[in-house]
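Peer 1: What follows is target-v7.txt; its format and atoms are compact mmCIF, C-alpha atoms.
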# COMPACT_ATOMS: atom_id res chain seq x y z
CA MET A 7 28.14 53.10 -65.18
CA LYS A 8 24.46 53.91 -65.66
CA LEU A 9 23.76 57.14 -67.52
CA ILE A 10 22.00 58.78 -64.57
CA ASN A 11 25.10 58.21 -62.42
CA LYS A 12 27.31 59.69 -65.12
CA LEU A 13 25.08 62.77 -65.12
CA TRP A 14 25.35 63.09 -61.32
CA LEU A 15 29.13 62.81 -61.72
CA GLY A 16 29.07 65.50 -64.43
CA LEU A 17 27.12 67.73 -62.08
CA GLY A 18 29.75 67.17 -59.38
CA ILE A 19 32.52 68.15 -61.80
CA LEU A 20 30.61 71.32 -62.76
CA ILE A 21 30.32 72.23 -59.07
CA ILE A 22 34.06 71.80 -58.55
CA LEU A 23 34.75 73.94 -61.64
CA SER A 24 32.21 76.60 -60.60
CA PRO A 25 34.77 78.97 -58.98
CA LEU A 26 36.05 79.61 -62.53
CA GLY A 27 32.88 81.69 -62.84
CA LEU A 28 34.30 83.85 -60.08
CA ILE A 29 38.03 83.78 -60.83
CA LEU A 30 37.98 84.34 -64.62
CA PRO A 31 35.82 87.54 -64.53
CA GLU A 32 38.04 88.85 -61.72
CA HIS A 33 41.23 88.05 -63.67
CA PHE A 34 39.99 89.74 -66.84
CA LYS A 35 38.58 92.71 -64.89
CA ALA A 36 35.17 92.06 -66.38
CA GLY A 37 33.07 93.85 -63.75
CA SER A 38 29.41 93.11 -63.07
CA ALA A 39 26.93 91.63 -65.50
CA TRP A 40 25.11 94.38 -67.42
CA GLY A 41 22.09 95.62 -65.48
CA GLU A 42 23.15 93.88 -62.26
CA TRP A 43 25.16 96.69 -60.69
CA GLY A 44 25.05 97.68 -57.07
CA VAL A 45 23.85 101.14 -56.12
CA GLY A 46 27.43 102.48 -55.89
CA GLU A 47 28.25 101.30 -59.40
CA ILE A 48 25.07 102.88 -60.78
CA GLN A 49 26.08 106.21 -59.26
CA LYS A 50 29.40 105.99 -61.13
CA LEU A 51 27.89 104.80 -64.43
CA ALA A 52 24.75 106.92 -64.73
CA GLY A 53 25.84 109.87 -62.59
CA TYR A 54 22.89 109.47 -60.21
CA ILE A 55 21.00 106.81 -58.28
CA PRO A 56 17.45 106.38 -59.60
CA LYS A 57 15.13 106.95 -56.60
CA GLY A 58 12.97 103.86 -57.07
CA LEU A 59 16.01 101.67 -57.63
CA ASP A 60 17.54 102.98 -54.41
CA LYS A 61 14.34 102.21 -52.53
CA PHE A 62 13.78 98.68 -53.84
CA SER A 63 17.32 97.41 -54.29
CA HIS A 64 17.58 96.36 -50.63
CA LEU A 65 14.08 94.92 -50.43
CA TRP A 66 15.43 91.43 -49.86
CA SER A 67 18.46 90.37 -47.84
CA ALA A 68 19.54 87.04 -49.25
CA PRO A 69 21.30 84.83 -46.68
CA LEU A 70 24.24 84.11 -49.01
CA PRO A 71 24.48 87.10 -51.36
CA ASP A 72 26.62 86.59 -54.48
CA TYR A 73 27.29 82.95 -53.52
CA ALA A 74 29.64 84.16 -50.80
CA PHE A 75 29.73 83.98 -47.02
CA ARG A 76 30.16 87.13 -44.94
CA GLY A 77 29.93 89.47 -47.92
CA GLY A 78 33.19 88.38 -49.51
CA GLU A 79 34.97 91.73 -49.17
CA GLY A 80 38.69 91.32 -48.64
CA GLU A 81 38.60 87.53 -48.55
CA SER A 82 41.30 85.54 -50.32
CA VAL A 83 40.63 83.85 -53.67
CA LEU A 84 40.81 80.48 -51.93
CA VAL A 85 38.18 81.39 -49.33
CA LEU A 86 35.94 82.93 -52.00
CA SER A 87 36.31 79.87 -54.24
CA LEU A 88 35.48 77.50 -51.39
CA SER A 89 32.43 79.60 -50.47
CA TYR A 90 31.41 79.54 -54.12
CA ILE A 91 31.67 75.74 -54.21
CA LEU A 92 29.79 75.41 -50.92
CA SER A 93 27.09 77.76 -52.28
CA ALA A 94 26.84 75.61 -55.41
CA VAL A 95 26.51 72.46 -53.27
CA ILE A 96 23.79 74.07 -51.12
CA GLY A 97 21.96 75.39 -54.19
CA VAL A 98 22.14 72.06 -55.98
CA PHE A 99 20.88 70.12 -52.95
CA ILE A 100 17.94 72.49 -52.54
CA CYS A 101 17.15 72.33 -56.29
CA ILE A 102 17.14 68.53 -56.12
CA GLY A 103 15.06 68.49 -52.92
CA VAL A 104 12.48 70.90 -54.31
CA VAL A 105 12.17 68.99 -57.60
CA PHE A 106 11.77 65.67 -55.77
CA ILE A 107 9.02 67.16 -53.60
CA LEU A 108 7.33 68.70 -56.67
CA GLY A 109 7.82 65.38 -58.46
CA LYS A 110 5.75 63.60 -55.77
CA PHE A 111 2.78 65.73 -56.83
CA LEU A 112 3.57 66.27 -60.49
CA SER A 113 4.34 62.86 -61.90
CA LYS A 114 2.43 59.79 -63.00
CA LYS A 115 2.87 56.72 -60.82
CA MET B 16 20.41 88.16 -67.30
CA HIS B 17 19.09 88.03 -63.70
CA ILE B 18 17.24 91.32 -63.28
CA PRO B 19 17.79 92.52 -59.69
CA ASP B 20 15.28 94.27 -57.42
CA GLY B 21 14.90 97.96 -58.21
CA TYR B 22 15.57 97.79 -61.95
CA LEU B 23 11.98 97.16 -63.01
CA GLY B 24 9.09 99.34 -61.86
CA PRO B 25 6.19 97.84 -59.87
CA ALA B 26 3.94 97.75 -62.96
CA THR B 27 6.42 95.67 -64.97
CA CYS B 28 7.05 93.32 -62.05
CA GLY B 29 3.30 92.87 -61.56
CA VAL B 30 2.63 92.23 -65.23
CA PHE B 31 5.25 89.48 -65.43
CA TYR B 32 4.02 87.77 -62.24
CA ALA B 33 0.50 87.92 -63.71
CA VAL B 34 1.74 86.44 -67.00
CA MET B 35 3.73 83.69 -65.30
CA LEU B 36 0.97 82.50 -62.93
CA PRO B 37 -1.16 80.83 -65.65
CA ILE B 38 2.01 79.53 -67.31
CA TRP B 39 3.17 77.89 -64.06
CA THR B 40 -0.32 76.48 -63.55
CA ALA B 41 -0.41 75.06 -67.08
CA ALA B 42 3.12 73.66 -66.65
CA ALA B 43 2.07 71.89 -63.44
CA LYS B 44 -1.03 70.41 -65.10
CA ILE B 45 0.75 69.28 -68.26
CA VAL B 46 3.76 67.86 -66.43
CA LYS B 47 1.43 65.97 -64.06
CA ARG B 48 -0.09 64.30 -67.11
CA THR B 49 3.13 63.57 -69.00
CA LEU B 50 6.04 63.20 -66.58
CA ASN B 51 6.84 59.67 -65.59
CA ALA B 52 7.89 59.13 -61.94
CA LYS B 53 11.13 57.63 -63.30
CA GLN B 54 11.93 60.95 -65.00
CA VAL B 55 11.90 62.92 -61.73
CA PRO B 56 15.66 62.38 -61.07
CA MET B 57 16.38 63.70 -64.58
CA LEU B 58 14.25 66.77 -63.86
CA ALA B 59 16.19 67.29 -60.61
CA ILE B 60 19.48 67.03 -62.50
CA GLY B 61 18.10 69.51 -65.05
CA ALA B 62 17.27 72.08 -62.38
CA ALA B 63 20.62 71.56 -60.63
CA PHE B 64 22.55 71.72 -63.93
CA SER B 65 20.87 75.00 -64.83
CA PHE B 66 21.60 76.36 -61.34
CA VAL B 67 25.34 75.62 -61.60
CA ILE B 68 25.80 76.61 -65.25
CA MET B 69 24.34 80.05 -64.40
CA MET B 70 27.07 80.42 -61.73
CA LEU B 71 29.78 79.91 -64.37
CA ASN B 72 30.21 83.55 -65.34
CA ILE B 73 32.18 84.10 -68.49
CA PRO B 74 34.09 87.36 -68.78
CA ILE B 75 34.29 89.80 -71.66
CA PRO B 76 37.73 91.19 -70.72
CA GLY B 77 37.48 94.72 -69.33
CA GLY B 78 33.73 94.74 -69.87
CA THR B 79 31.10 92.54 -68.36
CA THR B 80 30.11 88.95 -67.65
CA GLY B 81 27.37 86.58 -68.72
CA HIS B 82 26.53 82.90 -68.66
CA ALA B 83 24.64 80.08 -70.29
CA VAL B 84 21.28 78.96 -68.84
CA GLY B 85 20.92 75.35 -69.98
CA ALA B 86 17.17 75.77 -70.56
CA VAL B 87 17.21 74.48 -74.14
CA LEU B 88 19.04 71.29 -73.21
CA VAL B 89 16.54 70.54 -70.44
CA ALA B 90 13.67 71.30 -72.85
CA ILE B 91 15.05 68.93 -75.52
CA LEU B 92 15.38 66.11 -72.99
CA LEU B 93 12.21 66.56 -70.91
CA GLY B 94 9.98 68.84 -72.95
CA PRO B 95 9.46 72.59 -72.62
CA TRP B 96 6.86 72.43 -69.83
CA ALA B 97 9.06 70.31 -67.58
CA ALA B 98 11.99 72.61 -68.44
CA CYS B 99 9.86 75.59 -67.39
CA ILE B 100 9.45 74.03 -63.96
CA ALA B 101 13.12 73.03 -63.62
CA ILE B 102 14.48 76.47 -64.57
CA THR B 103 11.88 78.21 -62.37
CA VAL B 104 13.09 76.16 -59.38
CA ALA B 105 16.71 77.17 -60.10
CA LEU B 106 15.84 80.86 -60.55
CA VAL B 107 13.69 81.08 -57.41
CA ILE B 108 16.44 79.49 -55.28
CA GLN B 109 19.02 81.85 -56.80
CA ALA B 110 16.86 84.87 -55.98
CA LEU B 111 15.80 83.86 -52.45
CA LEU B 112 19.03 82.38 -51.15
CA PHE B 113 21.78 84.03 -53.14
CA GLY B 114 20.32 87.39 -54.17
CA ASP B 115 20.97 86.55 -57.84
CA GLY B 116 17.97 88.18 -59.50
CA GLY B 117 15.45 90.17 -57.49
CA ILE B 118 12.41 88.75 -55.72
CA THR B 119 10.22 91.41 -57.38
CA ALA B 120 11.70 90.35 -60.75
CA ILE B 121 11.11 86.58 -60.37
CA GLY B 122 8.14 86.86 -62.76
CA ALA B 123 10.18 88.66 -65.41
CA ASN B 124 13.29 86.50 -64.99
CA CYS B 125 11.21 83.33 -65.22
CA PHE B 126 9.37 84.67 -68.27
CA ASN B 127 12.70 85.25 -70.05
CA MET B 128 14.71 82.22 -68.96
CA ALA B 129 12.16 79.61 -67.82
CA PHE B 130 9.40 80.20 -70.37
CA VAL B 131 10.46 81.96 -73.60
CA MET B 132 13.89 80.36 -73.70
CA PRO B 133 12.98 76.66 -73.32
CA PHE B 134 9.95 77.01 -75.60
CA THR B 135 11.70 78.82 -78.47
CA GLY B 136 14.72 76.53 -78.13
CA TYR B 137 12.60 73.40 -78.08
CA TYR B 138 10.63 74.30 -81.22
CA ILE B 139 13.72 75.45 -83.14
CA TYR B 140 15.37 72.12 -82.28
CA LYS B 141 12.24 70.21 -83.33
CA ALA B 142 11.96 72.12 -86.62
CA ILE B 143 15.60 71.70 -87.65
CA SER B 144 15.84 68.07 -86.56
CA TYR B 145 12.47 67.15 -88.12
CA LYS B 146 12.60 63.47 -89.15
CA ALA B 147 16.37 63.36 -88.56
CA PRO B 148 17.60 59.97 -87.31
CA VAL B 149 18.46 59.90 -83.58
CA GLY B 150 22.19 59.55 -84.25
CA SER B 151 22.37 62.15 -87.00
CA LYS B 152 24.66 65.17 -87.11
CA ARG B 153 21.64 67.33 -87.91
CA ARG B 154 20.38 66.79 -84.34
CA VAL B 155 23.65 68.12 -82.90
CA VAL B 156 23.56 71.17 -85.18
CA ALA B 157 19.88 71.72 -84.38
CA ALA B 158 20.65 71.65 -80.64
CA GLY B 159 23.47 74.20 -81.07
CA ILE B 160 21.39 76.59 -83.17
CA ALA B 161 18.43 76.26 -80.79
CA GLY B 162 20.66 77.08 -77.80
CA TYR B 163 22.22 80.07 -79.52
CA VAL B 164 18.97 81.60 -80.81
CA ALA B 165 16.93 80.94 -77.66
CA LEU B 166 19.52 82.49 -75.32
CA ASN B 167 19.65 85.55 -77.55
CA ILE B 168 15.88 85.91 -77.62
CA ALA B 169 15.86 85.75 -73.82
CA ALA B 170 18.66 88.34 -73.65
CA GLY B 171 16.89 90.63 -76.12
CA LEU B 172 13.69 90.43 -74.04
CA THR B 173 15.65 91.24 -70.89
CA GLY B 174 17.09 94.28 -72.68
CA LEU B 175 13.58 95.30 -73.73
CA GLU B 176 12.31 95.06 -70.14
CA PHE B 177 15.25 97.12 -68.84
CA GLY B 178 14.95 99.61 -71.68
CA LEU B 179 11.24 100.31 -71.21
CA GLN B 180 11.74 101.52 -67.63
CA PRO B 181 12.94 105.10 -68.29
CA LEU B 182 9.92 105.52 -70.60
CA LEU B 183 7.49 104.18 -68.01
CA HIS B 184 8.86 105.76 -64.87
CA HIS B 185 10.74 109.04 -64.58
CA THR B 186 10.74 112.20 -62.48
CA ALA B 187 9.51 115.57 -63.74
CA THR B 188 13.09 116.44 -64.62
CA GLY B 189 13.51 113.28 -66.68
CA GLN B 190 15.61 111.21 -64.27
CA ALA B 191 14.78 107.54 -64.42
CA LEU B 192 13.24 105.97 -61.29
CA TYR B 193 14.37 102.41 -62.01
CA CYS B 194 16.73 101.10 -64.72
CA PRO B 195 18.42 104.28 -65.98
CA TYR B 196 19.17 103.00 -69.49
CA GLY B 197 16.62 103.20 -72.27
CA LEU B 198 15.87 100.93 -75.21
CA LYS B 199 18.65 102.39 -77.39
CA VAL B 200 21.27 101.23 -74.89
CA ALA B 201 19.76 98.24 -73.09
CA VAL B 202 18.63 96.22 -76.11
CA PRO B 203 21.82 96.51 -78.22
CA VAL B 204 24.04 95.81 -75.19
CA MET B 205 22.11 92.80 -73.91
CA LEU B 206 21.68 91.39 -77.40
CA GLY B 207 25.21 92.26 -78.55
CA GLU B 208 27.06 90.56 -75.71
CA HIS B 209 24.96 87.42 -76.02
CA LEU B 210 25.23 87.29 -79.83
CA LEU B 211 28.98 87.78 -79.56
CA ILE B 212 29.98 85.53 -76.66
CA PHE B 213 27.43 83.95 -74.33
CA GLY B 214 25.14 82.56 -77.05
CA TRP B 215 28.06 80.47 -78.32
CA VAL B 216 28.59 79.00 -74.87
CA GLU B 217 24.93 77.95 -74.71
CA ALA B 218 25.22 76.54 -78.27
CA ILE B 219 28.36 74.51 -77.52
CA VAL B 220 27.10 73.14 -74.19
CA THR B 221 23.73 72.15 -75.69
CA ALA B 222 25.25 70.57 -78.82
CA LEU B 223 27.99 68.66 -76.95
CA VAL B 224 25.61 67.11 -74.43
CA ILE B 225 23.27 66.02 -77.25
CA LYS B 226 26.24 64.52 -79.10
CA TYR B 227 27.31 62.67 -75.94
CA LEU B 228 23.77 61.35 -75.39
CA GLN B 229 23.54 60.13 -79.00
CA LYS B 230 26.44 57.77 -78.22
CA ASN B 231 25.59 56.86 -74.63
CA SER B 232 21.85 57.05 -74.26
CA PRO B 233 20.11 57.55 -77.60
CA GLU B 234 16.74 56.47 -76.12
CA LEU B 235 16.57 59.89 -74.40
CA LEU B 236 16.46 61.60 -77.78
CA ILE B 237 13.61 59.63 -79.31
CA GLY B 238 10.37 61.51 -79.74
Can I see the file as structure tokens?
Peer 2:
Amino acid sequence: MKLINKLWLGLGILIILSPLGLILPEHFKAGSAWGEWGVGEIQKLAGYIPKGLDKFSHLWSAPLPDYAFRGGEGESVLVLSLSYILSAVIGVFICIGVVFILGKFLSKK
Amino acid sequence: MHIPDGYLGPATCGVFYAVMLPIWTAAAKIVKRTLNAKQVPMLAIGAAFSFVIMMLNIPIPGGTTGHAVGAVLVAILLGPWAACIAITVALVIQALLFGDGGITAIGANCFNMAFVMPFTGYYIYKAISYKAPVGSKRRVVAAGIAGYVALNIAAGLTGLEFGLQPLLHHTATGQALYCPYGLKVAVPVMLGEHLLIFGWVEAIVTALVIKYLQKNSPELLIG
């Protein structure tokens, strides 16, 4: 197999394994990444919600927040994992599409 | 390491957008001159690889999570300017579509992960592997060290950006307006967790892929 195809295959395997990035932190009760808390968590950690943070934290509503569909609250691990994989697939396709478009302009013939 | 909206004040966000604009422009110009059309699929794989590896959150039990970025690997294979573009693409898509990292913080997040990280990693790798044969063990070690150090520099910078906020923006009573943690907390925590755990993940991923390429496609490592 040509190297480039092996790399595409490797990427596919990474996508299938991606839900580990969701399941392992959950299993080990690892919480959010440092500095990436929601407003509720900040209230608990710091004892108050910084005013500017409160104002700007909802500036942007991402269509698929946290690589989940429909917010993810109360969904089963299976549903969350499948949404995570689907998010990875969508993200990867868009990355590839954007780079190919950029590549049209940014590469030597 | 993806700073969300609301954690950095407007001044910090503005500064980093202003710093990144000429860097993105330079990256576009340099890549246009150096990137071969045949390398575009590799660049796409680089961006996609970085996107997925950043989704693989690794837990510190009972504490927090973090992840590798893949920026050093992309920089070793395609050069730091091309890596800057690939990681920027991944970060912008993560922010816009998935809310991972804020849109106001795209400048800062790209500065940390798409500029400082691939550049420091690339030059550390080049320095350690100077004149080393393509198949040598020194190249693998160089890749690992470059990954480890570069991720930690990026994490330390992120901590610095968080930690400056209470100094820059606070109410009359001293309550922070944005990130509530100062330098004494933010820098040691961001640096500590990456030195301890996540830096090793970046090191291992970078070194293993280089080792694999030495066997399977050594021509990618020449130059």
Peer 1: Identify, on the basis of only C-alpha atoms, every residue whose closest approach to Asn167 of chain B does not exceed 7 Å; exclude the query and any residue fewer than 2 positions from it along the same chain; express the result as number ranges by chain.
Peer 2: B: 163-165, 169-171, 206, 209-210, 214
Peer 1: With C-alpha atoms retained, export the selected residues as a PDB file, in the coordinates of the input.
Peer 2:
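Final file, again_27.pdb:
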ATOM      1  CA  TYR B 163      22.220  80.070 -79.520  1.00  0.00           C
ATOM      2  CA  VAL B 164      18.970  81.600 -80.810  1.00  0.00           C
ATOM      3  CA  ALA B 165      16.930  80.940 -77.660  1.00  0.00           C
ATOM      4  CA  ALA B 169      15.860  85.750 -73.820  1.00  0.00           C
ATOM      5  CA  ALA B 170      18.660  88.340 -73.650  1.00  0.00           C
ATOM      6  CA  GLY B 171      16.890  90.630 -76.120  1.00  0.00           C
ATOM      7  CA  LEU B 206      21.680  91.390 -77.400  1.00  0.00           C
ATOM      8  CA  HIS B 209      24.960  87.420 -76.020  1.00  0.00           C
ATOM      9  CA  LEU B 210      25.230  87.290 -79.830  1.00  0.00           C
ATOM     10  CA  GLY B 214      25.140  82.560 -77.050  1.00  0.00           C
TER      11      GLY B 214
END
Peer 1: Which residue is closest to chain B? Choose from A:Gly58, A:Gly18, A:Gly46, A:Gly80 and count all atoms listed in the file.
Peer 2: A:Gly58
Peer 1: My list of candidates is B:Gln109, B:Thr49, B:Gln229, B:Thr173. Which is closest to Tyr22 of chain B when distances are computed with only C-alpha atoms?
Peer 2: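 Closest to Tyr22 of chain B of all the choices is B:Thr173.
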Peer 1: For Leu23 of chain A, which residue out of A:Leu70, A:Val95, A:Leu112, A:Leu65 is the nearest one, using only C-alpha atoms?
Peer 2: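 Among the listed residues, the smallest separation from Leu23 of chain A belongs to A:Val95.
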Peer 1: Please report the interatomic distance between atom CA of Ala187 of chain B and atom CA of Lys199 of chain B in Å with one decimal.
Peer 2: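 Atom-to-atom, atom CA of Ala187 of chain B to atom CA of Lys199 of chain B, that is 21.1 Å.
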Peer 1: I need the residue nearest chain A from this list: B:Leu172, B:Cys99, B:Ile212, B:Val55. Use all atoms listed in the file for the distance.
Peer 2: B:Val55
